[in-house]
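S.K.: Below is the structure I would like to discuss, written out as structure tokens.
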Amino acid sequence: MSEENWIEVGSTDSIEEEDLIRFDHQDKTFCVYRLTDGFYATDGICTHEEVHLEDGLVMDDEIECPMHQGIFNIKSGKALSPPACVDLKTYPVKVDNDKIFIKID
Amino acid sequence: MKNNIIILGGGQAAIYAAIEIRKNDTESNIKILGEESILPYERPPLSKDFLLDKKHEEDLFFHSSDVLINENIDFDNVSINKVDFENKKLFTKNDNVYSYDILLISTGSENKKLCLDDNLNNDFYYLRNLEEAKIIKEIVLNKNQITIIGGGFIGLEIASSLSQLQKKVTVIEIGNQLMGRIIPKQIADLVQNTHIEHGNEIILNKQIDKIIKKNDIYEILLNDNSLIETDFVIAGIGSTPSIKLFENTNLKLDNGIVTNQFCETSIKDVYAAGDVSNFYHPLYERNMRLESYQHAQNHGICAGKNISGVKTEYTSIPWMWSDQFNLNLQLTGICDDYEEIIERGSEINNGVIYFFLKNKKIRGACGLGILGKVGRDIRITTKLIEKNTIVDRQILSDQNQKLNKLIPKL
């Protein structure tokens, strides 16, 4: 695993617990979440329709799309509730010196 | 026990009920009888992404035929024209017979038709199913001046899509606001402004006196003597539950099939779910009939549970959405029974929500915003309604304060 692919997102205190922030890098957009057991990252756009998940609601391990209430598991990306039926891509996250990094392939 | 379970109607409630029954019951035969020749599919995109060519037929199906085969769920494309509840039989036009032990009716709803001139009945178009959407999509290619009769959700969504296809669109609504049946005027006015900004003409408070066809042009004469010339007419003037089949039976009907909170009808072993059902809602302590995606899904699932022996009350809070241009409108709960209105936000860029309160609790809320701007707050509002929470008005009205603060901690 090369170090170059880890991209700094921001400090750990930039995300409240059970919440998320949007992170844009080059031409891609991501969501980075703080759950009770750590930080996670997924693609930022819902797989159902072109809407950013940053305005969605985080509940336990799930993110719910703000447009049509499609639900995804944040850790696995699995689509859990219609109208979402395509899984969300997830990305590895690490924390180093209170900074959050995500690994973008 | 192995039962013959028949689901009459092949829409969203039907497929969700069938899958749910199979989860709890691996033995019974499950058969869906659908009048359309294709498997159950999503209807919301028909008036939007399907017309805009962003979604296609193959994108719409809830499940593939492989899933139905794996789940051992049969689907017959058939039209039933007689029901014998006493002997538990359904008859097709050709007198083919389907016998059931348990019946779920999910026949949905159908479009109200314009009653103006019988000679023009085939000239007016409606959009409910895929076939109708395909026809409209093809015909509008060569039309420019399009008139939509009815300023409800379907009419406005079509108006939004056709405007994006560079058509000149006029919407005629008989009421004094758009979406007047369930959307508060404050939100309806914001939606109206957006349509006008995009070039759509919105005519309110006008009735159609008559429509005259001259060659390929229709002249629509309104009750104030104004005249609209158009080359294509689409009507979206509401719908009625599909209950014709049961009118001369002893099934209790009243604005649909009357059901209790367990999706049970007045006849033993007969259930109803989705648009066709006028169901009892325990939280609101009244009957209601809903036509929405979420309801069709959840009511179907609830019926499936009860049919397969998992006794389950239907307590889902009504929720629906409409997408027009880059706006997303959402409604949760009911907004017609309140003592007080609280406004949150004033710009659609950040989202505007109106909360409808009674006894210091939210009964319903309606919001409008660019793309997903109101979704999170509306979702939290649904939780507040579910939990019957007494709310802090100050937090509700201040967009800088998060609504999660209002959710009671366990």
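By order of appearance in the structure tokens: chains A, B, ..., then residues from 1 within every chain, and ligands from 1 in the order shown.
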Only residues of chain A matter here; which ones have an atom within 10 Å of chain B, counting only C-alpha atoms? Give them as a list in words.
M.R.: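 Within 10 Å of chain B on chain A, we get Glu49, Glu50, Val51, His52, Leu53, Glu54, Asp55, Gly56, Leu57, Val58, Glu64, Cys65, Pro66, Met67, His68, Gln69, Pro82, Pro83 and Cys85 of chain A.
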S.K.: Name the residues in contact with stretch 171-181 of chain B at a cut-off of 9 Å, using only C-alpha atoms, excluding same-chain residues fewer than 4 positions from it; report them as a PDB file with N, CA, C and O atoms, in the first residue's frame.
M.R.:
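Everything below was put into selection_38.pdb:
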```pdb
ATOM      1  N   ILE B 146     -47.444  22.706 -25.300  1.00  0.00           N
ATOM      2  CA  ILE B 146     -48.078  21.621 -24.559  1.00  0.00           C
ATOM      3  C   ILE B 146     -48.887  22.179 -23.391  1.00  0.00           C
ATOM      4  O   ILE B 146     -48.405  23.045 -22.656  1.00  0.00           O
ATOM      5  N   THR B 147     -50.112  21.696 -23.263  1.00  0.00           N
ATOM      6  CA  THR B 147     -50.940  22.133 -22.144  1.00  0.00           C
ATOM      7  C   THR B 147     -51.176  20.966 -21.199  1.00  0.00           C
ATOM      8  O   THR B 147     -51.506  19.861 -21.634  1.00  0.00           O
ATOM      9  N   ILE B 148     -50.974  21.247 -19.938  1.00  0.00           N
ATOM     10  CA  ILE B 148     -51.214  20.233 -18.918  1.00  0.00           C
ATOM     11  C   ILE B 148     -52.406  20.677 -18.092  1.00  0.00           C
ATOM     12  O   ILE B 148     -52.417  21.790 -17.546  1.00  0.00           O
ATOM     13  N   ILE B 149     -53.393  19.816 -18.019  1.00  0.00           N
ATOM     14  CA  ILE B 149     -54.593  20.148 -17.258  1.00  0.00           C
ATOM     15  C   ILE B 149     -54.468  19.498 -15.882  1.00  0.00           C
ATOM     16  O   ILE B 149     -54.364  18.278 -15.769  1.00  0.00           O
ATOM     17  N   GLY B 150     -54.403  20.333 -14.867  1.00  0.00           N
ATOM     18  CA  GLY B 150     -54.237  19.847 -13.495  1.00  0.00           C
ATOM     19  C   GLY B 150     -52.877  20.220 -12.946  1.00  0.00           C
ATOM     20  O   GLY B 150     -51.850  19.842 -13.509  1.00  0.00           O
ATOM     21  N   GLY B 151     -52.883  20.984 -11.857  1.00  0.00           N
ATOM     22  CA  GLY B 151     -51.624  21.447 -11.255  1.00  0.00           C
ATOM     23  C   GLY B 151     -51.268  20.653 -10.013  1.00  0.00           C
ATOM     24  O   GLY B 151     -50.894  21.214  -8.985  1.00  0.00           O
ATOM     25  N   GLY B 152     -51.385  19.332 -10.111  1.00  0.00           N
ATOM     26  CA  GLY B 152     -50.959  18.457  -9.011  1.00  0.00           C
ATOM     27  C   GLY B 152     -49.541  17.971  -9.260  1.00  0.00           C
ATOM     28  O   GLY B 152     -48.844  18.465 -10.153  1.00  0.00           O
ATOM     29  N   PHE B 153     -49.119  16.980  -8.486  1.00  0.00           N
ATOM     30  CA  PHE B 153     -47.740  16.496  -8.599  1.00  0.00           C
ATOM     31  C   PHE B 153     -47.412  16.013  -9.999  1.00  0.00           C
ATOM     32  O   PHE B 153     -46.413  16.395 -10.587  1.00  0.00           O
ATOM     33  N   GLY B 155     -48.842  16.486 -12.923  1.00  0.00           N
ATOM     34  CA  GLY B 155     -48.861  17.522 -13.946  1.00  0.00           C
ATOM     35  C   GLY B 155     -47.629  18.409 -13.856  1.00  0.00           C
ATOM     36  O   GLY B 155     -47.004  18.740 -14.874  1.00  0.00           O
ATOM     37  N   LEU B 156     -47.252  18.775 -12.642  1.00  0.00           N
ATOM     38  CA  LEU B 156     -46.106  19.679 -12.467  1.00  0.00           C
ATOM     39  C   LEU B 156     -44.785  18.981 -12.761  1.00  0.00           C
ATOM     40  O   LEU B 156     -43.847  19.594 -13.287  1.00  0.00           O
ATOM     41  N   ALA B 159     -44.613  18.944 -16.393  1.00  0.00           N
ATOM     42  CA  ALA B 159     -44.334  20.315 -16.848  1.00  0.00           C
ATOM     43  C   ALA B 159     -42.848  20.637 -16.686  1.00  0.00           C
ATOM     44  O   ALA B 159     -42.232  21.268 -17.550  1.00  0.00           O
ATOM     45  N   LYS B 185     -50.122  26.250   0.977  1.00  0.00           N
ATOM     46  CA  LYS B 185     -50.023  27.276  -0.059  1.00  0.00           C
ATOM     47  C   LYS B 185     -48.638  27.923  -0.081  1.00  0.00           C
ATOM     48  O   LYS B 185     -48.111  28.250  -1.156  1.00  0.00           O
ATOM     49  N   ALA B 188     -46.515  25.750  -2.129  1.00  0.00           N
ATOM     50  CA  ALA B 188     -47.027  25.706  -3.505  1.00  0.00           C
ATOM     51  C   ALA B 188     -46.635  26.973  -4.258  1.00  0.00           C
ATOM     52  O   ALA B 188     -46.286  26.928  -5.447  1.00  0.00           O
ATOM     53  N   ASP B 189     -46.668  28.112  -3.570  1.00  0.00           N
ATOM     54  CA  ASP B 189     -46.328  29.372  -4.232  1.00  0.00           C
ATOM     55  C   ASP B 189     -44.843  29.406  -4.630  1.00  0.00           C
ATOM     56  O   ASP B 189     -44.485  29.949  -5.679  1.00  0.00           O
ATOM     57  N   VAL B 191     -43.052  26.790  -5.415  1.00  0.00           N
ATOM     58  CA  VAL B 191     -42.943  25.893  -6.583  1.00  0.00           C
ATOM     59  C   VAL B 191     -43.434  26.616  -7.833  1.00  0.00           C
ATOM     60  O   VAL B 191     -42.804  26.559  -8.897  1.00  0.00           O
ATOM     61  N   GLN B 192     -44.544  27.323  -7.674  1.00  0.00           N
ATOM     62  CA  GLN B 192     -45.103  28.064  -8.819  1.00  0.00           C
ATOM     63  C   GLN B 192     -44.095  29.073  -9.365  1.00  0.00           C
ATOM     64  O   GLN B 192     -43.900  29.188 -10.581  1.00  0.00           O
ATOM     65  N   ASN B 200     -42.534  28.354 -17.751  1.00  0.00           N
ATOM     66  CA  ASN B 200     -43.846  27.711 -17.812  1.00  0.00           C
ATOM     67  C   ASN B 200     -44.931  28.720 -17.438  1.00  0.00           C
ATOM     68  O   ASN B 200     -44.733  29.553 -16.555  1.00  0.00           O
ATOM     69  N   GLU B 201     -46.049  28.593 -18.126  1.00  0.00           N
ATOM     70  CA  GLU B 201     -47.180  29.464 -17.779  1.00  0.00           C
ATOM     71  C   GLU B 201     -48.096  28.705 -16.819  1.00  0.00           C
ATOM     72  O   GLU B 201     -48.454  27.549 -17.076  1.00  0.00           O
ATOM     73  N   ILE B 202     -48.451  29.337 -15.709  1.00  0.00           N
ATOM     74  CA  ILE B 202     -49.336  28.700 -14.730  1.00  0.00           C
ATOM     75  C   ILE B 202     -50.629  29.501 -14.665  1.00  0.00           C
ATOM     76  O   ILE B 202     -50.597  30.706 -14.390  1.00  0.00           O
ATOM     77  N   ILE B 203     -51.727  28.835 -14.936  1.00  0.00           N
ATOM     78  CA  ILE B 203     -53.028  29.504 -14.885  1.00  0.00           C
ATOM     79  C   ILE B 203     -53.839  28.886 -13.742  1.00  0.00           C
ATOM     80  O   ILE B 203     -54.121  27.682 -13.763  1.00  0.00           O
ATOM     81  N   LEU B 204     -54.178  29.700 -12.762  1.00  0.00           N
ATOM     82  CA  LEU B 204     -54.939  29.199 -11.616  1.00  0.00           C
ATOM     83  C   LEU B 204     -56.384  29.683 -11.682  1.00  0.00           C
ATOM     84  O   LEU B 204     -56.693  30.647 -12.394  1.00  0.00           O
ATOM     85  N   ASN B 205     -57.246  29.016 -10.907  1.00  0.00           N
ATOM     86  CA  ASN B 205     -58.617  29.495 -10.743  1.00  0.00           C
ATOM     87  C   ASN B 205     -59.415  29.531 -12.029  1.00  0.00           C
ATOM     88  O   ASN B 205     -60.304  30.365 -12.168  1.00  0.00           O
ATOM     89  N   LYS B 206     -59.056  28.682 -12.970  1.00  0.00           N
ATOM     90  CA  LYS B 206     -59.790  28.719 -14.246  1.00  0.00           C
ATOM     91  C   LYS B 206     -60.321  27.330 -14.585  1.00  0.00           C
ATOM     92  O   LYS B 206     -59.624  26.331 -14.417  1.00  0.00           O
ATOM     93  N   GLN B 207     -61.549  27.362 -15.058  1.00  0.00           N
ATOM     94  CA  GLN B 207     -62.146  26.116 -15.526  1.00  0.00           C
ATOM     95  C   GLN B 207     -62.106  26.065 -17.038  1.00  0.00           C
ATOM     96  O   GLN B 207     -62.114  27.121 -17.690  1.00  0.00           O
ATOM     97  N   ILE B 208     -62.106  24.863 -17.556  1.00  0.00           N
ATOM     98  CA  ILE B 208     -62.136  24.727 -19.018  1.00  0.00           C
ATOM     99  C   ILE B 208     -63.597  24.609 -19.448  1.00  0.00           C
ATOM    100  O   ILE B 208     -64.315  23.717 -18.975  1.00  0.00           O
ATOM    101  N   ILE B 237     -55.503  14.965 -13.408  1.00  0.00           N
ATOM    102  CA  ILE B 237     -56.551  15.609 -12.607  1.00  0.00           C
ATOM    103  C   ILE B 237     -56.960  14.727 -11.433  1.00  0.00           C
ATOM    104  O   ILE B 237     -58.082  14.771 -10.975  1.00  0.00           O
TER     105      ILE B 237
END
```
S.K.: Can you pull out the residues contacting stretch 301-310 of chain B? Cut-off 6 Å, using only C-alpha atoms, and skip same-chain residues under 6 positions away; I want them as an NGL selection string.
M.R.: :B and (16-17 or 20-21 or 263)
S.K.: Could you give me the residues within chain A that DSSP places in strand (DSSP E or B), as a count of residues only?
M.R.: 52
